[in-house]
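*Asks:* This is query25.cif (mmCIF, C-alpha atoms and all ligand atoms).
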data_model
loop_
_atom_site.label_atom_id
_atom_site.label_comp_id
_atom_site.auth_asym_id
_atom_site.auth_seq_id
_atom_site.Cartn_x
_atom_site.Cartn_y
_atom_site.Cartn_z
CA MET A 23 20.87 -65.07 -39.95
CA ARG A 24 22.21 -61.66 -40.96
CA ALA A 25 23.39 -59.54 -38.02
CA MET A 26 25.38 -56.38 -37.33
CA ILE A 27 28.36 -57.13 -35.13
CA SER A 28 30.88 -54.96 -33.32
CA ARG A 29 34.53 -55.99 -33.34
CA SER A 30 35.88 -52.98 -31.45
CA ALA A 31 34.98 -49.43 -30.47
CA SER A 32 37.15 -47.99 -33.21
CA THR A 33 35.89 -50.04 -36.17
CA PRO A 34 32.48 -49.65 -37.84
CA LEU A 35 29.68 -52.19 -37.30
CA GLU A 36 29.94 -55.08 -39.76
CA ALA A 37 27.22 -57.13 -41.47
CA ARG A 38 27.84 -60.86 -40.91
CA THR A 39 25.97 -64.09 -41.62
CA LEU A 40 25.79 -66.16 -38.42
CA PRO A 41 24.51 -69.75 -38.13
CA SER A 42 20.94 -70.11 -36.82
CA ARG A 43 20.63 -72.56 -33.92
CA ALA A 44 17.88 -74.94 -32.80
CA LEU A 45 15.43 -73.70 -30.13
CA ALA A 46 15.39 -75.14 -26.61
CA GLY A 47 12.64 -75.12 -23.94
CA ASP A 48 10.15 -72.28 -24.43
CA GLU A 49 12.43 -70.21 -26.68
CA MET A 50 10.90 -68.57 -29.75
CA ARG A 51 12.45 -67.47 -33.01
CA VAL A 52 11.22 -64.02 -34.06
CA ARG A 53 11.60 -62.66 -37.59
CA VAL A 54 12.62 -59.05 -36.87
CA ARG A 55 10.73 -56.30 -38.72
CA ALA A 56 11.91 -53.16 -36.87
CA ILE A 57 14.65 -52.39 -34.34
CA GLY A 58 14.83 -49.44 -31.93
CA VAL A 59 18.21 -47.74 -31.50
CA ASN A 60 19.24 -46.72 -27.96
CA PRO A 61 22.37 -44.90 -26.76
CA VAL A 62 23.27 -48.04 -24.78
CA ASP A 63 23.80 -49.84 -28.12
CA TRP A 64 26.79 -47.66 -29.02
CA LYS A 65 27.89 -47.17 -25.39
CA MET A 66 28.36 -50.95 -25.08
CA ARG A 67 30.65 -50.90 -28.13
CA GLU A 68 32.87 -48.52 -26.17
CA GLY A 69 33.23 -50.86 -23.19
CA GLY A 70 32.01 -50.08 -19.66
CA PRO A 71 30.27 -52.26 -17.08
CA LEU A 72 27.45 -53.51 -19.36
CA ARG A 73 29.90 -54.66 -22.04
CA PHE A 74 31.94 -56.36 -19.31
CA MET A 75 28.81 -58.21 -18.16
CA GLN A 76 27.92 -59.03 -21.77
CA ARG A 77 31.36 -60.63 -22.27
CA LEU A 78 30.85 -62.62 -19.07
CA LEU A 79 27.23 -63.73 -19.53
CA GLY A 80 26.48 -63.22 -23.23
CA PRO A 81 26.79 -65.82 -25.98
CA ARG A 82 30.22 -66.90 -27.17
CA GLY A 83 31.32 -65.55 -30.53
CA PRO A 84 30.68 -62.21 -32.23
CA PHE A 85 29.04 -59.37 -30.31
CA VAL A 86 25.67 -58.64 -31.96
CA VAL A 87 24.59 -55.15 -30.91
CA GLY A 88 21.12 -53.99 -29.80
CA VAL A 89 18.17 -54.76 -27.52
CA ASP A 90 14.84 -53.50 -28.95
CA PHE A 91 12.94 -55.42 -31.62
CA ALA A 92 9.45 -55.96 -33.00
CA GLY A 93 8.58 -58.81 -35.34
CA GLU A 94 6.70 -62.02 -35.93
CA VAL A 95 7.11 -65.35 -34.11
CA VAL A 96 8.19 -67.84 -36.81
CA GLU A 97 9.05 -70.88 -34.65
CA VAL A 98 8.38 -71.97 -31.09
CA GLY A 99 10.55 -74.36 -29.05
CA PRO A 100 9.65 -77.83 -27.75
CA VAL A 101 7.86 -76.40 -24.66
CA ALA A 102 4.77 -74.50 -25.75
CA GLY A 103 4.51 -70.92 -24.48
CA PRO A 104 1.77 -68.29 -24.77
CA PHE A 105 2.71 -67.15 -28.30
CA ALA A 106 1.86 -69.25 -31.35
CA THR A 107 3.70 -69.04 -34.65
CA GLY A 108 2.49 -65.95 -36.50
CA THR A 109 2.00 -63.80 -33.38
CA ARG A 110 3.27 -60.22 -33.77
CA VAL A 111 5.40 -59.29 -30.76
CA VAL A 112 7.64 -56.59 -29.32
CA GLY A 113 10.48 -57.30 -26.91
CA GLY A 114 14.06 -56.86 -25.83
CA THR A 115 16.97 -59.30 -26.07
CA ASP A 116 18.82 -60.15 -22.84
CA PHE A 117 22.53 -61.02 -22.92
CA SER A 118 22.34 -62.25 -19.32
CA ARG A 119 20.30 -65.15 -20.73
CA GLY A 120 23.02 -65.91 -23.26
CA GLN A 121 21.17 -64.17 -26.11
CA HIS A 122 22.54 -62.25 -29.07
CA GLY A 123 21.45 -58.62 -29.54
CA SER A 124 18.62 -57.44 -31.78
CA TYR A 125 20.50 -55.90 -34.75
CA ALA A 126 19.64 -58.93 -36.86
CA ASP A 127 16.93 -60.34 -39.09
CA GLU A 128 16.00 -62.85 -36.38
CA VAL A 129 16.30 -63.13 -32.61
CA ILE A 130 15.84 -66.01 -30.18
CA VAL A 131 14.10 -64.93 -26.96
CA ARG A 132 11.77 -66.23 -24.25
CA PRO A 133 8.05 -65.37 -24.02
CA ASP A 134 8.45 -63.37 -20.78
CA GLN A 135 10.58 -60.86 -22.72
CA CYS A 136 7.80 -60.09 -25.23
CA ALA A 137 4.29 -58.68 -25.45
CA ALA A 138 1.80 -59.42 -28.23
CA LEU A 139 0.88 -56.60 -30.60
CA PRO A 140 -2.68 -55.89 -31.65
CA ALA A 141 -3.19 -55.50 -35.42
CA ALA A 142 -3.53 -51.71 -35.10
CA VAL A 143 -0.01 -51.27 -33.65
CA THR A 144 2.77 -51.09 -36.24
CA TYR A 145 6.09 -52.86 -35.82
CA GLU A 146 7.80 -49.47 -36.15
CA SER A 147 5.96 -47.77 -33.28
CA ALA A 148 6.27 -50.90 -31.11
CA ALA A 149 10.05 -51.06 -31.66
CA CYS A 150 10.33 -47.64 -30.00
CA LEU A 151 9.13 -49.06 -26.66
CA PRO A 152 11.43 -51.62 -25.12
CA VAL A 153 14.36 -49.79 -23.51
CA ALA A 154 13.21 -46.14 -23.64
CA ALA A 155 9.52 -46.37 -22.69
CA VAL A 156 10.14 -49.24 -20.24
CA THR A 157 12.73 -47.06 -18.46
CA ALA A 158 10.21 -44.22 -18.14
CA TRP A 159 7.53 -46.70 -16.98
CA ILE A 160 9.72 -48.20 -14.26
CA ALA A 161 10.56 -44.72 -12.90
CA LEU A 162 7.00 -43.39 -13.01
CA HIS A 163 4.98 -46.46 -12.11
CA GLU A 164 7.21 -48.95 -10.29
CA HIS A 165 9.56 -46.62 -8.39
CA ARG A 166 7.35 -43.56 -7.81
CA GLN A 167 3.81 -45.03 -8.14
CA LEU A 168 2.68 -41.83 -9.83
CA ALA A 169 -0.83 -40.82 -8.76
CA PRO A 170 -3.18 -38.26 -10.35
CA GLY A 171 -2.08 -34.67 -9.71
CA MET A 172 1.56 -35.51 -9.02
CA LYS A 173 4.24 -33.43 -10.74
CA VAL A 174 7.15 -34.79 -12.77
CA LEU A 175 10.17 -32.86 -14.03
CA VAL A 176 11.79 -34.53 -17.05
CA LEU A 177 15.40 -33.50 -17.72
CA GLY A 178 15.98 -34.46 -21.36
CA ALA A 179 12.32 -34.23 -22.41
CA ALA A 180 12.90 -34.55 -26.18
CA GLY A 181 14.89 -37.82 -26.11
CA GLY A 182 13.53 -41.34 -26.42
CA VAL A 183 13.07 -41.74 -22.65
CA GLY A 184 11.89 -38.16 -22.15
CA LEU A 185 9.12 -38.12 -24.77
CA ALA A 186 7.78 -41.43 -23.45
CA ALA A 187 7.91 -40.05 -19.88
CA LEU A 188 5.90 -36.92 -20.75
CA GLN A 189 3.15 -39.00 -22.36
CA LEU A 190 3.07 -41.67 -19.64
CA THR A 191 2.90 -39.00 -16.94
CA ARG A 192 -0.21 -37.63 -18.63
CA ARG A 193 -1.70 -41.14 -18.97
CA LEU A 194 -1.18 -41.73 -15.24
CA GLY A 195 -2.93 -38.44 -14.43
CA GLY A 196 0.23 -36.52 -13.51
CA ARG A 197 1.52 -33.15 -14.70
CA ALA A 198 4.81 -33.02 -16.58
CA VAL A 199 7.36 -30.25 -16.96
CA GLY A 200 9.94 -31.00 -19.66
CA VAL A 201 13.41 -29.47 -20.07
CA CYS A 202 14.45 -29.18 -23.72
CA SER A 203 16.09 -26.78 -26.18
CA THR A 204 14.22 -24.07 -28.10
CA ARG A 205 13.59 -26.28 -31.18
CA ASN A 206 11.66 -28.80 -29.07
CA VAL A 207 9.54 -26.44 -26.94
CA ALA A 208 6.50 -26.72 -29.26
CA LEU A 209 6.74 -30.54 -29.32
CA VAL A 210 6.90 -30.77 -25.51
CA GLU A 211 3.88 -28.44 -25.22
CA GLN A 212 1.94 -30.45 -27.84
CA LEU A 213 2.28 -33.42 -25.50
CA GLY A 214 0.52 -31.52 -22.74
CA ALA A 215 3.63 -30.65 -20.73
CA THR A 216 5.03 -27.31 -19.62
CA ALA A 217 8.34 -26.68 -21.41
CA ILE A 218 11.49 -25.19 -19.91
CA ASP A 219 14.03 -24.03 -22.50
CA HIS A 220 17.51 -24.91 -21.22
CA THR A 221 19.12 -22.53 -23.70
CA ARG A 222 17.48 -19.58 -21.91
CA GLY A 223 19.17 -19.73 -18.54
CA ASP A 224 19.55 -22.22 -15.72
CA ALA A 225 16.86 -24.87 -16.28
CA LEU A 226 16.76 -25.99 -12.63
CA GLU A 227 16.34 -22.39 -11.50
CA GLN A 228 13.44 -22.00 -13.96
CA ALA A 229 11.93 -25.25 -12.62
CA ARG A 230 11.80 -23.91 -9.06
CA ALA A 231 8.82 -21.73 -9.90
CA LEU A 232 6.92 -24.81 -11.23
CA GLY A 233 7.71 -27.26 -8.40
CA PRO A 234 7.90 -28.94 -6.01
CA PHE A 235 8.12 -32.22 -7.93
CA ASP A 236 7.18 -35.73 -6.90
CA LEU A 237 9.68 -37.12 -9.40
CA VAL A 238 12.68 -35.63 -11.19
CA LEU A 239 13.45 -37.99 -14.08
CA HIS A 240 17.07 -37.23 -14.87
CA THR A 241 18.13 -38.58 -18.31
CA ILE A 242 21.09 -36.23 -18.87
CA GLY A 243 23.71 -36.82 -16.17
CA THR A 244 24.63 -34.97 -13.01
CA GLY A 245 27.64 -33.37 -14.73
CA VAL A 246 25.09 -31.14 -16.52
CA TYR A 247 22.29 -30.92 -13.93
CA PRO A 248 23.91 -31.55 -10.52
CA LEU A 249 22.16 -33.69 -7.95
CA ALA A 250 21.96 -31.19 -5.07
CA PRO A 251 19.78 -28.59 -6.89
CA CYS A 252 17.68 -31.43 -8.34
CA ARG A 253 16.98 -32.71 -4.82
CA ARG A 254 16.03 -29.20 -3.68
CA LEU A 255 13.18 -29.30 -6.25
CA LEU A 256 11.55 -32.32 -4.60
CA ALA A 257 8.28 -32.44 -2.70
CA PRO A 258 8.37 -34.40 0.60
CA SER A 259 8.94 -38.09 -0.31
CA GLY A 260 9.88 -37.05 -3.85
CA LEU A 261 12.45 -38.98 -5.85
CA VAL A 262 15.29 -38.11 -8.21
CA GLU A 263 15.55 -41.02 -10.66
CA LEU A 264 18.99 -41.15 -12.30
CA VAL A 265 18.71 -42.75 -15.72
CA VAL A 266 22.40 -42.02 -16.34
CA VAL A 267 24.73 -42.79 -13.42
CA GLN A 268 28.18 -41.30 -12.96
CA PRO A 269 30.71 -42.61 -10.42
CA SER A 270 30.23 -39.50 -8.24
CA ASP A 271 26.51 -40.41 -7.89
CA VAL A 272 27.22 -43.70 -6.13
CA PRO A 273 27.33 -42.36 -2.51
CA SER A 274 23.96 -40.63 -3.01
CA LEU A 275 22.50 -43.80 -4.53
CA LEU A 276 23.72 -45.78 -1.54
CA PHE A 277 22.80 -43.40 1.28
CA ARG A 278 19.93 -41.14 0.14
CA ARG A 279 16.41 -42.54 -0.05
CA SER A 280 15.42 -39.70 -2.40
CA VAL A 281 17.87 -40.86 -5.12
CA ARG A 282 17.39 -44.02 -7.18
CA THR A 283 18.48 -45.43 -10.47
CA VAL A 284 16.78 -47.61 -13.01
CA LEU A 285 17.70 -50.45 -15.36
CA GLY A 286 15.30 -50.38 -18.30
CA ARG A 287 14.92 -54.13 -18.72
CA PRO A 288 11.95 -55.00 -20.96
CA THR A 289 9.61 -57.70 -19.65
CA ARG A 290 6.11 -58.74 -20.70
CA ALA A 291 4.58 -57.19 -17.55
CA ARG A 292 6.20 -53.84 -18.41
CA LEU A 293 5.59 -53.93 -22.15
CA GLU A 294 1.89 -54.85 -22.03
CA PRO A 295 0.62 -51.56 -20.51
CA LEU A 296 2.83 -49.65 -22.95
CA VAL A 297 1.44 -51.56 -25.94
CA ARG A 298 -2.08 -50.77 -24.63
CA ALA A 299 -1.14 -47.09 -24.41
CA LEU A 300 0.11 -47.22 -28.03
CA ALA A 301 -3.05 -48.96 -29.23
CA GLU A 302 -5.23 -46.37 -27.47
CA GLY A 303 -3.25 -43.46 -28.92
CA ALA A 304 -2.01 -42.30 -25.49
CA LEU A 305 1.57 -42.98 -26.51
CA ASP A 306 2.77 -41.70 -29.86
CA PRO A 307 6.48 -42.33 -30.38
CA ARG A 308 8.13 -39.79 -32.59
CA ILE A 309 10.37 -41.51 -35.11
CA GLU A 310 13.11 -39.18 -36.26
CA ALA A 311 14.57 -41.44 -38.97
CA VAL A 312 14.56 -45.03 -40.21
CA PHE A 313 17.78 -46.62 -41.48
CA PRO A 314 18.36 -49.93 -43.27
CA LEU A 315 19.92 -52.36 -40.77
CA ALA A 316 23.06 -52.43 -42.92
CA ASP A 317 23.44 -48.66 -42.21
CA ALA A 318 23.35 -49.10 -38.41
CA GLU A 319 26.68 -47.29 -38.17
CA ALA A 320 25.05 -44.13 -39.59
CA ALA A 321 22.30 -44.45 -36.96
CA HIS A 322 24.92 -44.72 -34.21
CA ILE A 323 26.72 -41.62 -35.48
CA ARG A 324 23.39 -39.73 -35.37
CA SER A 325 22.55 -41.01 -31.88
CA ARG A 326 26.02 -40.17 -30.53
CA GLY A 327 25.44 -36.56 -31.65
CA GLY A 328 23.00 -36.25 -28.70
CA LYS A 329 20.31 -34.37 -30.66
CA VAL A 330 17.91 -37.17 -31.63
CA VAL A 331 14.28 -36.21 -31.03
CA GLY A 332 12.32 -39.35 -30.10
CA LYS A 333 13.67 -42.52 -31.69
CA LEU A 334 15.82 -43.85 -34.52
CA LEU A 335 14.83 -47.17 -36.07
CA LEU A 336 16.54 -49.83 -38.17
CA VAL A 337 14.78 -52.20 -40.57
CA PRO A 338 16.35 -55.48 -41.77
CA GLU A 339 16.64 -56.04 -45.51
CA GLY A 340 13.36 -57.34 -46.93
CA ALA A 341 11.23 -56.14 -43.98
CA SER A 342 8.61 -53.81 -45.39
CA THR A 343 8.02 -50.42 -43.77
CA ASP A 344 5.55 -47.67 -44.55
CA LEU A 345 8.06 -45.11 -43.31
CA PRO A 346 10.58 -43.71 -45.78
CA LEU A 347 14.06 -45.10 -45.34
CA ASP A 348 16.10 -42.03 -44.70
CA ALA A 349 19.56 -41.57 -43.36
CA ARG A 350 19.58 -37.85 -44.11
CA GLY A 351 17.05 -35.69 -42.32
CA PRO A 352 14.45 -35.86 -39.56
CA HIS A 353 10.85 -36.67 -40.33
CA GLY A 354 7.80 -37.77 -38.36
CA PRO A 355 6.12 -41.18 -38.59
N1 LIG B 1 19.45 -46.76 -17.09
C1 LIG B 1 18.86 -47.24 -18.18
O1 LIG B 1 18.36 -48.38 -18.21
C2 LIG B 1 18.73 -46.37 -19.39
C3 LIG B 1 17.69 -46.60 -20.28
C4 LIG B 1 17.54 -45.74 -21.37
C5 LIG B 1 18.45 -44.71 -21.55
N2 LIG B 1 19.49 -44.56 -20.70
C6 LIG B 1 20.43 -43.42 -20.88
O2 LIG B 1 19.68 -42.23 -20.73
C7 LIG B 1 20.16 -41.23 -21.61
C8 LIG B 1 19.01 -40.70 -22.44
O3 LIG B 1 18.55 -41.73 -23.30
P1 LIG B 1 17.61 -41.37 -24.53
O4 LIG B 1 17.37 -42.62 -25.29
O5 LIG B 1 16.44 -40.57 -24.06
O6 LIG B 1 18.64 -40.41 -25.35
P2 LIG B 1 18.41 -39.60 -26.65
O7 LIG B 1 17.13 -39.99 -27.27
O8 LIG B 1 19.65 -39.74 -27.46
O9 LIG B 1 18.32 -38.08 -26.10
C9 LIG B 1 18.61 -37.04 -26.97
C10 LIG B 1 17.95 -35.78 -26.45
O10 LIG B 1 18.63 -35.30 -25.30
C11 LIG B 1 18.31 -33.92 -25.20
N3 LIG B 1 19.32 -33.16 -24.46
C12 LIG B 1 20.64 -33.09 -24.70
N4 LIG B 1 21.23 -32.25 -23.81
C13 LIG B 1 20.24 -31.77 -23.00
C14 LIG B 1 20.20 -30.86 -21.90
N5 LIG B 1 21.30 -30.27 -21.45
N6 LIG B 1 19.02 -30.63 -21.30
C15 LIG B 1 17.89 -31.23 -21.73
N7 LIG B 1 17.85 -32.09 -22.79
C16 LIG B 1 19.02 -32.34 -23.41
C17 LIG B 1 18.24 -33.41 -26.63
O11 LIG B 1 17.13 -32.51 -26.70
P3 LIG B 1 17.33 -30.92 -26.83
O12 LIG B 1 17.98 -30.69 -28.18
O13 LIG B 1 15.94 -30.39 -26.75
O14 LIG B 1 18.22 -30.49 -25.71
C18 LIG B 1 18.00 -34.67 -27.47
O15 LIG B 1 16.81 -34.60 -28.21
C19 LIG B 1 21.29 -41.88 -22.41
O16 LIG B 1 22.53 -41.53 -21.82
C20 LIG B 1 21.04 -43.36 -22.27
O17 LIG B 1 22.20 -44.16 -22.39
C21 LIG B 1 19.66 -45.36 -19.61
#
So that I can check it, write out the structure of this file as structure tokens.
*Replies:*
Amino acid sequence: MRAMISRSASTPLEARTLPSRALAGDEMRVRVRAIGVNPVDWKMREGGPLRFMQRLLGPRGPFVVGVDFAGEVVEVGPVAGPFATGTRVVGGTDFSRGQHGSYADEVIVRPDQCAALPAAVTYESAACLPVAAVTAWIALHEHRQLAPGMKVLVLGAAGGVGLAALQLTRRLGGRAVGVCSTRNVALVEQLGATAIDHTRGDALEQARALGPFDLVLHTIGTGVYPLAPCRRLLAPSGLVELVVVQPSDVPSLLFRRSVRTVLGRPTRARLEPLVRALAEGALDPRIEAVFPLADAEAAHIRSRGGKVVGKLLLVPEGASTDLPLDARGPHGP
């Protein structure tokens, strides 16, 4: 298989041919058609706790980057699972199960990491879901059990997690307020949310007039939007969900019931409602640019810039896409 590997934080990603291995148990081989890029993909190249865990639990040999993928099951292992050969699926790789990452033309995963795709859902839109939309789903549905009428403040509304959160809030009957910069105000409003422009004064101060909030989904980091004023925006039994955790957040995570964090681990149970939302048009991922897999380094440079609106995708060589391959400028799907 062809895969993009990382040797070190300071050297670019490299294309390598790795040996394919035989399947065991209920494993499936998936021919990858589209790959979602997440900040965690380049953060792991730089080290940190997840890379440490990956070294400990991941497969021996080169470090294949990435989590999100969508593609077609091309082989199933000796123990039959729910997906036959030919099924179109979306999923996330899991290094804690000894798996390589998803920046490759094939992945080996288990059925509980994947959801089937109806014909109407493209590989490209599905590949936007695993880490970003699953993270939003866990915060809104599993941690906060969002009910109709509840209010959600999304800090980082224009990013991959944020745009999914605005749309899922609406689907669950809630009302979203999204914090973004001037260029993204119209987009946030198009998605039915109230926009707060963080370039026009203190965003948390502006949010006070629109609260209190049942959930503050914090995708930016408490160095930018500190925890104490976020907590002051909460309704009784409201929750601040930290998508990005800094060491100074740990005491609050340990001792305050109103502060939680999330690990956006894709599973079938989480992906299925998101695929339904895609199929029904309630979730419309905005794809900023699509890069050939071999240009993954360019995608990481763009993502590191911190200005991506929605998602970046990669497509392996030979995988067809209706979207223009473009490493230059933003465009919609
Ligand atoms: N815990 C987990 O499992 C988990 C899962 C997913 C993501 N994450 C982390 O969560 C963070 C967000 O992920 P993502 O995929 O959504 O990132 P992303 O797509 O790269 O987010 C980029 C967006 O952030 C917005 N932004 C930057 N500074 C902002 C500010 N001060 N206020 C409001 N918005 C701002 C920008 O919009 P504007 O130009 O409009 O400001 C930009 O469009 C990353 O650090 C990622 O590693 C963690």
*Asks:* Wanna dump the chain A-ligand LIG 1 (chain B) contacts at 7 Å for me, each residue with its shortest atom pair and the distance in Å to one decimal, counting only C-alpha atoms and all ligand atoms, ordered by chain and number, as JSON lines?
*Replies:*
{"residue": "A:Asn60", "atom": "CA", "partner": "B:LIG1", "partner_atom": "O4", "distance": 5.2}
{"residue": "A:Pro61", "atom": "CA", "partner": "B:LIG1", "partner_atom": "O17", "distance": 4.4}
{"residue": "A:Val62", "atom": "CA", "partner": "B:LIG1", "partner_atom": "O17", "distance": 4.7}
{"residue": "A:Val153", "atom": "CA", "partner": "B:LIG1", "partner_atom": "C4", "distance": 5.6}
{"residue": "A:Ala154", "atom": "CA", "partner": "B:LIG1", "partner_atom": "C4", "distance": 4.9}
{"residue": "A:Thr157", "atom": "CA", "partner": "B:LIG1", "partner_atom": "C3", "distance": 5.3}
{"residue": "A:Leu177", "atom": "CA", "partner": "B:LIG1", "partner_atom": "C15", "distance": 5.2}
{"residue": "A:Gly178", "atom": "CA", "partner": "B:LIG1", "partner_atom": "N7", "distance": 3.3}
{"residue": "A:Ala179", "atom": "CA", "partner": "B:LIG1", "partner_atom": "N7", "distance": 5.9}
{"residue": "A:Ala180", "atom": "CA", "partner": "B:LIG1", "partner_atom": "O15", "distance": 4.4}
{"residue": "A:Gly181", "atom": "CA", "partner": "B:LIG1", "partner_atom": "O7", "distance": 3.3}
{"residue": "A:Gly182", "atom": "CA", "partner": "B:LIG1", "partner_atom": "O5", "distance": 3.8}
{"residue": "A:Val183", "atom": "CA", "partner": "B:LIG1", "partner_atom": "O5", "distance": 3.8}
{"residue": "A:Gly184", "atom": "CA", "partner": "B:LIG1", "partner_atom": "O5", "distance": 5.5}
{"residue": "A:Val201", "atom": "CA", "partner": "B:LIG1", "partner_atom": "C15", "distance": 5.1}
{"residue": "A:Cys202", "atom": "CA", "partner": "B:LIG1", "partner_atom": "O13", "distance": 3.6}
{"residue": "A:Ser203", "atom": "CA", "partner": "B:LIG1", "partner_atom": "O13", "distance": 3.7}
{"residue": "A:Thr204", "atom": "CA", "partner": "B:LIG1", "partner_atom": "O13", "distance": 6.7}
{"residue": "A:Arg205", "atom": "CA", "partner": "B:LIG1", "partner_atom": "O13", "distance": 6.5}
{"residue": "A:Asn206", "atom": "CA", "partner": "B:LIG1", "partner_atom": "O13", "distance": 5.1}
{"residue": "A:His220", "atom": "CA", "partner": "B:LIG1", "partner_atom": "N6", "distance": 5.9}
{"residue": "A:Thr241", "atom": "CA", "partner": "B:LIG1", "partner_atom": "O2", "distance": 4.6}
{"residue": "A:Ile242", "atom": "CA", "partner": "B:LIG1", "partner_atom": "C7", "distance": 5.8}
{"residue": "A:Val246", "atom": "CA", "partner": "B:LIG1", "partner_atom": "N5", "distance": 6.3}
{"residue": "A:Val265", "atom": "CA", "partner": "B:LIG1", "partner_atom": "N1", "distance": 4.3}
{"residue": "A:Val266", "atom": "CA", "partner": "B:LIG1", "partner_atom": "C6", "distance": 5.1}
{"residue": "A:Thr283", "atom": "CA", "partner": "B:LIG1", "partner_atom": "N1", "distance": 6.8}
{"residue": "A:Val284", "atom": "CA", "partner": "B:LIG1", "partner_atom": "N1", "distance": 4.9}
{"residue": "A:Leu285", "atom": "CA", "partner": "B:LIG1", "partner_atom": "O1", "distance": 3.6}
{"residue": "A:Gly286", "atom": "CA", "partner": "B:LIG1", "partner_atom": "O1", "distance": 3.7}
{"residue": "A:Arg287", "atom": "CA", "partner": "B:LIG1", "partner_atom": "O1", "distance": 6.7}
{"residue": "A:Ser325", "atom": "CA", "partner": "B:LIG1", "partner_atom": "O8", "distance": 5.4}
{"residue": "A:Gly328", "atom": "CA", "partner": "B:LIG1", "partner_atom": "C9", "distance": 4.8}
{"residue": "A:Lys329", "atom": "CA", "partner": "B:LIG1", "partner_atom": "C18", "distance": 3.9}
{"residue": "A:Val330", "atom": "CA", "partner": "B:LIG1", "partner_atom": "O15", "distance": 4.4}
{"residue": "A:Val331", "atom": "CA", "partner": "B:LIG1", "partner_atom": "O15", "distance": 4.1}
{"residue": "A:Gly332", "atom": "CA", "partner": "B:LIG1", "partner_atom": "O7", "distance": 5.6}
{"residue": "A:Lys333", "atom": "CA", "partner": "B:LIG1", "partner_atom": "O7", "distance": 6.2}
*Asks:* Figure out the distance between atom CA of Met50 of chain A and atom CA of Gly99 of chain A, please, to one decimal in Å.
*Replies:*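 Atom-to-atom, atom CA of Gly99 of chain A to atom CA of Met50 of chain A, that is 5.8 Å.
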*Asks:* Each residue of segment 209-265 of chain A lying at most 12 Å from segment 297-306 of chain A should get a row with its shortest atom-to-atom pair and the distance in Å to one decimal, counting only C-alpha atoms; could you produce that, ordered by chain and increasing number, as a tab-separated table?
*Replies:*
residue	atom	partner	partner_atom	distance
A:Leu209	CA	A:Asp306	CA	11.9
A:Gln212	CA	A:Asp306	CA	11.5
A:Leu213	CA	A:Asp306	CA	9.4
A:Gly214	CA	A:Ala304	CA	11.4
*Asks:* Tell me, as a ChimeraX atom specification, which residues lie within 6 Å of segment 121-123 of chain A, counting only C-alpha atoms; anything in the same chain fewer than 5 positions away does not count.
*Replies:* /A:81,86-89,115-116
*Asks:* Save out the residues we just selected, C-alpha atoms, as a PDB file, in the frame of the given file.
*Replies:*
ATOM      1  CA  PRO A  81      26.790 -65.820 -25.980  1.00  0.00           C
ATOM      2  CA  VAL A  86      25.670 -58.640 -31.960  1.00  0.00           C
ATOM      3  CA  VAL A  87      24.590 -55.150 -30.910  1.00  0.00           C
ATOM      4  CA  GLY A  88      21.120 -53.990 -29.800  1.00  0.00           C
ATOM      5  CA  VAL A  89      18.170 -54.760 -27.520  1.00  0.00           C
ATOM      6  CA  THR A 115      16.970 -59.300 -26.070  1.00  0.00           C
ATOM      7  CA  ASP A 116      18.820 -60.150 -22.840  1.00  0.00           C
TER       8      ASP A 116
END
*Asks:* Atom CA of Gly200 of chain A and atom CA of Ile218 of chain A, how far apart in Å?
*Replies:*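 Rounded to one decimal, the two atoms are 6.0 Å apart.
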*Asks:* At what distance in Å, to one decimal, does atom CA of Pro152 of chain A lie from atom CA of Thr216 of chain A?
*Replies:*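 So the answer is 25.7 Å.
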*Asks:* Could you check the closest approach to Gly120 of chain A for each of A:Pro100, A:Glu146, A:Gln76, A:Pro295 and tell me which residue wins, using only C-alpha atoms?
*Replies:*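 Answer, going by the shortest atom-to-atom distance: A:Gln76.
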*Asks:* Neighbourhood query: residues within 9 Å of (5.1, -40.8, -34.2), file coordinates, counting all atoms listed in the file; return as a ChimeraX atom specification.
*Replies:* /A:147,305-310,332,354-355
*Asks:* Let me make sure I understand: among A:Arg24, A:Arg51, A:Arg132, A:Lys65, which one has the smallest atom-to-atom distance to Pro288 of chain A if we use all atoms listed in the file?
*Replies:*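 For Pro288 of chain A, the nearest of the candidates is A:Arg132.
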*Asks:* Hey, what's within 8 Å of Asp90 of chain A if we count only C-alpha atoms and toss same-chain stuff fewer than 4 positions away? As a list in words, please?
*Replies:*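 Selected residues are Ile57, Gly58, Val59, Val112, Gly113, Gly114, Thr115, Ser124, Ala149, Cys150, Leu151, Pro152 and Val153 of chain A.
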*Asks:* Print the selection's residues with C-alpha atoms to a file, as a PDB file, keeping the file's coordinate frame.
*Replies:*
ATOM      1  CA  ILE A  57      14.650 -52.390 -34.340  1.00  0.00           C
ATOM      2  CA  GLY A  58      14.830 -49.440 -31.930  1.00  0.00           C
ATOM      3  CA  VAL A  59      18.210 -47.740 -31.500  1.00  0.00           C
ATOM      4  CA  VAL A 112       7.640 -56.590 -29.320  1.00  0.00           C
ATOM      5  CA  GLY A 113      10.480 -57.300 -26.910  1.00  0.00           C
ATOM      6  CA  GLY A 114      14.060 -56.860 -25.830  1.00  0.00           C
ATOM      7  CA  THR A 115      16.970 -59.300 -26.070  1.00  0.00           C
ATOM      8  CA  SER A 124      18.620 -57.440 -31.780  1.00  0.00           C
ATOM      9  CA  ALA A 149      10.050 -51.060 -31.660  1.00  0.00           C
ATOM     10  CA  CYS A 150      10.330 -47.640 -30.000  1.00  0.00           C
ATOM     11  CA  LEU A 151       9.130 -49.060 -26.660  1.00  0.00           C
ATOM     12  CA  PRO A 152      11.430 -51.620 -25.120  1.00  0.00           C
ATOM     13  CA  VAL A 153      14.360 -49.790 -23.510  1.00  0.00           C
TER      14      VAL A 153
END
